[in-house]
Structure formats: structure tokens, C-alpha cells
Amino acid sequence: MLKAGIVGFDITPRFHPTCGAWGSTPSMPELDLPLLSRCVALDEGGRRLLWFGSDLIGDTVKGTDTIRDEIADTLGLRREQVIFSTSQTHSSGAVPGSALTGSSVCDLSKNNPEFMAQERKRFMQSYISAGRQAIDELQPVRVWAGRGFCDSISYNRRSPMAGGGVKFSRHHGEGLQNGKFFDPTVGLVRFERPDGKPLGAIFNFCSHPATMVNDRMISPDWVGTARAHLEEALGGAPAMYVQGFCGDVNCHGIFGTPAQAKRTGARLGRAAVEALPTLTPVRGEPLLSEFRTIALDCQPMPSRAELERQLAVRHAFIEELKVDPAATWFDGVNFPEQLAPDLRAMGAQLQIDHIQEGLRMIQAGEPPRSRLPLTVGAVRIGDVGCMVSPGENFTLTGMNIRLRSPFAHTLICGDTNGLFGYLGTDDEIDRGGYETYSFWKLLVHDGFRLAPAKGTADRIIQTGVELLRTVARTKA
């Protein structure tokens with residue numbers, strides 16, 4: 001039968017006196033709540049998986065693969081046996097070695113390499129130790145599964161505008177008025193010892209933990225409070241949070257306060273706790289996983305004239321900020337008014353760097369990548385199916401996978417095995433805006449990349465459903 005071991009552990013960074021959290025994020029020198037991680041070890045018939053869920057913004061796919069490889073190599077596993085999910089809290093800071101900070105715009109060159117190396121070593125040791133402990137504590141379990149409902153903390157932030165294009169809405173009330181879909185499903189899987197006592201749980205929800213964007217304080221955002229509610233109801237057993245497909249979904253109170261994050265987390269936590277008595281017993285075996293790498297087509301390389309236009313627009317925006325600090329719009333994208341003018345200028349400069357690289361490539365005759373590889377997967381825990389994908393898929397993509405899944409209980413797991421980038425639907429790619437246009441003008445993720453083309457969401461849906469059907473058909 002299925003065996004499980006579940007371990008909770010603390011990954012809170014230390015603070016360097018001048019270089020902030022992890023010694024890598026100077027803009028974050030204080031602690032609100034500890035950052036935590038959970039490790040779920042699963043074993044059935046010699047098939048084994050380690051699944052980590054952490055209060056982190058995460059790293060690129062390449063950076064995450066390095067983390068997975070180090071854990072796997074140390075514990076005698078393959079990379080495919082280590083799944084690494086992050087909540088994408090925008091208040092975790094950049095983990096040592098990563099250039100990704102979420103929306104905390106800061107100069108990562110102002111860091112302490114020696115301190116960062118120490119933090120990186122401590123970071124990896126905590127994951128390896130937790131994985132080893134979870135494996136050592138494997139024991140037979142019963143599995144219960146079901147879902148809850150929470151529609152009061154999320155909204156779809158991409159509001160279509162009457163004249164075309166899209167506005168990135170950063171206000172809950174305004175976002176609700178666009179009538180666009182967001183997923184209120186709280187997916188739940190509870191593991192129970194043979195004596196009936198809870199061993200732990202997985203809970204899955206779709207919304208950015210972005211209350212404390214660009215905040216000074218390290219925090220799991222609302223995930224921490226939601227998890228605490230659920231763990232209290234489980235008698236102290238650890239609960240692992242896994243993010244959904246939330247590329248276009250924000251939480252209530254973005255750019256808010258720690259108190260707002262805790263209120264939001266309490267709403268989700270209560271919804272999860274209320275659903276616990278409704279869970280039903282399900283089979284826990286077989287334990288299977290299947291991964292597949294697909295190639296996503298990119299949008300065409302802009303012409304030299306178009307890149308020069310984009311460059312001029314961004315330089316003009318930086319100049320505009322000098323006389324109008326309230327300026328937010330340029331090239332069909334609205335930067336957050338909550339960011340200080342100098343941070344908005346830094347954001348525009350990051351895009352300038354990308355555009356200039358594109359112009360250099362045209363001058364040198366270097367073709368850009370026309371396709372980007374994306375590895376997605378399916379995990380079967382008996383009667384529970386889990387579709388896992390790097391990056392920030394839009395919420396409709398997840399809903400379409402769940403509707404076509406052969407499993408009665410399906411977890412939709414984004415921000416898993418790396419931050420690939422935003423992956424929009426065809427309609428949203430046509431609308432442009434931050435996620436499907438502006439975001440992709442960043443060199444820090446994986447060098448010069450062009451945004452994914454239309455058809456991306458359909459490829460991910462098709463592949464995800466095929467993988468779920470494959471593990472559903474496979475016999476133990």
C-alpha cells in the first residue's frame with residue numbers, strides 16, 4: 001500500500017546587516033513571519049517521490065533543476081523523483097544564487113558573496129535533511145480527498161479596456177467588475193495513519209500571494225496564516241501548500257499590509273478547515289508519475305524599427321517620471337502606482353536592456369530562439385491526479401485541464417519545478433499587457449527570450465490531459 005512521510009521545516013533566511021535577507025536582497029531587512037517548507041515523501045511498490053512545497057518566490061527552471069539535482073544526487077534519487085513547488089510569495093526575497101525577487105525591485109549587485117554562499121549551503125542542507133527524514137519516516141497511510149470553496153480572496157486582474165488592450169488591475173473591487181474567471185477551488189488531500197490520526201495534508205489553491213509586494217519584510221504572505229489554520233485542525237500535522245495556475249489571478253489587498261495578509265489567509269484557512277469533514281476515502285495506489293517536454297513556439301522577432309520604437313517609448317517614460325512622478329502607463333502597460341517612481345524607472349530600464357540586446361542580435365545576425373522547452377508532468381496518487389507545470393499558467397488553462405481530467409480529484413499545480421514565465425491563452429495574448437508582452441522583456445530569467453505564441457495554452461492543456469490519462473490507464 002501507499003506509504004508516506006511528511007516533514008515540516010523552517011527556511012527563514014538570516015539577515016545580513018547591509019545586504020538583507022539571504023545576503024542577497026538589501027530591500028528586505030526585516031521579518032514578519034517565518035518562511036516554512038514541507039516535504040511529502042511517497043512510496044509504493046518501490047516507486048518513490050519527494051515533493052517539496054515552500055514559501056518562496058522560486059527560481060528559474062534552470063536554477064530549480066540545480067536544486068532538484070543536488071537533493072536527488074544526495075538521496076540516491078533521479079531528478080524526476082524530486083518535485084519542487086513554490087508558493088510564489090512576493091515577500092521571500094531572492095534565494096542565494098537566484099536573480100529573481102518577485103516584484104521586489106532592488107539592486108542584487110549589492111550583496112555579500114561569502115554570506116550568500118553560507119546561506120545557500122544552509123538552505124540546501126535543510127532540504128536534504130528534511131527529505132532524508134521524510135523517507136526515514138515512511139509509513140502506511142490511508143488517503144482522503146475532496147475540495148473546498150473560497151471565492152472571497154481572489155480576482156482576475158486582467159481587465160479588458162473598451163478601446164482595446166488590457167489593464168493590470170491592482171484593486172480587488174475593480175478586478176471583480178470585469179467578470180472574468182478565477183478559480184475558487186481549494187483542493188485537499190489528507191494522509192492518515194492506520195490508527196486514524198492525521199499524518200499531514202496537501203492543499204492547493206489558485207492566487208498570487210502578493211499582499212506584501214515590494215515590502216521590507218520577509219513573509220509567507222497569506223499562505224502562512226492559511227496553513228496554520230489547517231495544521232491546527234490536523235492536530236499539528238504538517239500541511240503543504242501547492243500553488244495553482246494563477247498567472248492572471250491576484251489576491252485581495254495587493255500592495256497591502258501584514259495584517260491584511262493574515263486576514264486573507266484566515267479566510268482561506270477557514271474554508272479549507274470547513275472542507276475537511278467532507279473529504280472522502282480514496283485509493284492511495286498506484287503511485288505513478290509521467291513527464292514530457294514540449295516545445296512552445298515563440299512570437300516573431302520584432303523588426304529593428306519596432307525595437308527602436310519600443311526603446312524610445314521606454315526612454316520617454318523614464319523622462320516623464322522626472323516631471324510626473326505619478327506616471328504609470330507606457331506601450332500598453334500600466335506599471336504599479338504603488339511602486340516609487342525610481343523603482344518604476346528601474347523596471348523600464350530592465351526592459352531597455354532586453355530591447356538593446358535584441359538590437360545587438362539583429363546587428364550581429366544572431367537569430368533568437370524560435371521555441372522554448374517546457375517540461376510538464378502528471379502525478380497519480382491512487383484516485384488523485386496532479387498536473388504539474390513550471391511557470392504561471394493562466395487560470396482558464398487549469399480549469400480546462402481539471403474538466404478533462406480522468407480523475408475525480410485533480411490538483412492543478414503551477415509554479416512547480418521552476419518559474420518559466422507567464423503562459424497566457426490566445427485571447428489574452430492578443431490583448432497584450434504585462435503578462436503576455438511586457439514581462440518577457442527581461443534578461444534575468446533565461447537570457448533573451450521572445451514571448452510564447454498563440455497556441456501555447458492549448459498545447460499545455462492537451463499535454464497535461466494526455467499525461468493524466470496515461471497515468472490513469474497505467475496499472476500498478
# chains A, B, ... in the order shown; residues from 1 in each chain; ligands from 1
$ residues_around --residues "region 316-326 of chain A" --least-positions-apart "4" --cutoff "10 Å" --atoms "only C-alpha atoms" --output "short mmCIF file (atom, residue, chain, number, x, y, z; two decimals) with C-alpha atoms, in the first residue's frame"
data_model
loop_
_atom_site.label_atom_id
_atom_site.label_comp_id
_atom_site.auth_asym_id
_atom_site.auth_seq_id
_atom_site.Cartn_x
_atom_site.Cartn_y
_atom_site.Cartn_z
CA GLN A 310 9.92 50.29 -28.06
CA LEU A 311 13.25 51.66 -26.88
CA ALA A 312 12.21 55.27 -27.48
CA PHE A 330 3.66 53.18 -21.44
CA ASP A 331 3.36 50.96 -24.51
CA PRO A 336 2.04 49.82 -10.36
CA GLU A 337 1.31 53.24 -8.94
CA GLN A 338 2.29 51.73 -5.57
CA LEU A 339 5.93 51.47 -6.69
CA ALA A 340 8.09 54.52 -6.07
CA PRO A 341 8.98 56.44 -9.26
CA ASP A 342 12.62 55.30 -9.11
CA ARG A 344 9.20 52.19 -11.96
CA ALA A 345 12.19 53.65 -13.80
CA MET A 346 14.25 50.60 -12.83
CA GLY A 347 11.52 48.35 -14.23
CA ALA A 348 11.56 50.25 -17.52
CA GLN A 349 15.36 50.05 -17.62
#
$ select_by_dssp --residues "region 86-223 of chain A" --states "strand (DSSP E)" --output "PyMOL selection string"
chain A and resi 86+139-140+142-149+154-156+158-160+166-168+185-192+198-205+217-218
$ closest_atom_pairs --of "region 207-228 of chain A" --to "region 258-279 of chain A" --cutoff "8 Å" --atoms "only C-alpha atoms" --output "JSON lines"
{"residue": "A:Thr211", "atom": "CA", "partner": "A:Ala261", "partner_atom": "CA", "distance": 5.7}
{"residue": "A:Met212", "atom": "CA", "partner": "A:Pro258", "partner_atom": "CA", "distance": 6.9}
{"residue": "A:Asp221", "atom": "CA", "partner": "A:Ala261", "partner_atom": "CA", "distance": 5.5}
{"residue": "A:Trp222", "atom": "CA", "partner": "A:Gly265", "partner_atom": "CA", "distance": 4.1}
{"residue": "A:Val223", "atom": "CA", "partner": "A:Gly265", "partner_atom": "CA", "distance": 5.9}
{"residue": "A:Gly224", "atom": "CA", "partner": "A:Gly265", "partner_atom": "CA", "distance": 7.0}
{"residue": "A:Thr225", "atom": "CA", "partner": "A:Gly265", "partner_atom": "CA", "distance": 4.8}
{"residue": "A:Ala226", "atom": "CA", "partner": "A:Gly269", "partner_atom": "CA", "distance": 3.9}
{"residue": "A:Arg227", "atom": "CA", "partner": "A:Gly269", "partner_atom": "CA", "distance": 6.4}
{"residue": "A:Ala228", "atom": "CA", "partner": "A:Gly269", "partner_atom": "CA", "distance": 7.5}
$ atom_distance --atom1 "CA of Gln356 (chain A)" --atom2 "CA of Tyr422 (chain A)"
22.0 Å
$ residues_around --residues "Asp195 (chain A)" --least-positions-apart "5" --cutoff "12 Å" --atoms "only C-alpha atoms" --output "PDB file with N, CA and C atoms, in the first residue's frame"
ATOM      1  N   GLN A 139       5.517   5.474   6.296  1.00  0.00           N
ATOM      2  CA  GLN A 139       4.637   4.523   6.967  1.00  0.00           C
ATOM      3  C   GLN A 139       3.352   4.376   6.171  1.00  0.00           C
ATOM      4  N   PRO A 140       2.660   3.246   6.324  1.00  0.00           N
ATOM      5  CA  PRO A 140       1.404   3.061   5.587  1.00  0.00           C
ATOM      6  C   PRO A 140       0.389   4.146   5.932  1.00  0.00           C
ATOM      7  N   VAL A 141      -0.345   4.596   4.927  1.00  0.00           N
ATOM      8  CA  VAL A 141      -1.342   5.646   5.140  1.00  0.00           C
ATOM      9  C   VAL A 141      -2.626   5.326   4.394  1.00  0.00           C
ATOM     10  N   ARG A 142      -3.711   5.883   4.915  1.00  0.00           N
ATOM     11  CA  ARG A 142      -4.965   5.975   4.180  1.00  0.00           C
ATOM     12  C   ARG A 142      -5.044   7.384   3.596  1.00  0.00           C
TER      13      ARG A 142
END
$ residues_around --residues "Thr416 (chain A)" --least-positions-apart "3" --cutoff "6 Å" --atoms "only C-alpha atoms" --output "ChimeraX atom specification"
/A:84-85,389-390
$ closest_residue --among "A:Met28, A:Leu296, A:Ile135, A:Ile202" --to "Gly76 (chain A)" --atoms "only C-alpha atoms"
A:Ile135
$ closest_residue --among "A:Leu403, A:Val61, A:Cys150, A:Met301" --to "Asn204 (chain A)" --atoms "only C-alpha atoms"
A:Cys150
$ closest_atom_pairs --of "region 381-415 of chain A" --to "region 238-252 of chain A" --cutoff "6 Å" --atoms "only C-alpha atoms" --output "CSV"
residue,atom,partner,partner_atom,distance
A:Glu392,CA,A:Gly247,CA,4.4
A:Asn393,CA,A:Phe245,CA,5.0
A:Phe394,CA,A:Gly247,CA,4.5
A:Thr395,CA,A:Phe245,CA,5.0
A:Gly398,CA,A:Phe245,CA,5.8
A:Ile412,CA,A:Gly244,CA,5.3
A:Cys413,CA,A:Gly244,CA,4.7
A:Gly414,CA,A:Gly244,CA,4.9
$ write_last_selection --atoms "C-alpha atoms" --output "compact mmCIF listing (two decimals), in the first residue's frame"
# COMPACT_ATOMS: atom_id res chain seq x y z
CA GLU A 392 2.47 30.92 -14.27
CA ASN A 393 -0.23 29.46 -16.47
CA PHE A 394 -3.49 31.39 -16.69
CA THR A 395 -6.33 30.09 -14.57
CA GLY A 398 -6.04 24.90 -15.23
CA ILE A 412 -3.69 21.85 -10.63
CA CYS A 413 -0.12 22.68 -9.61
CA GLY A 414 1.69 25.70 -11.03
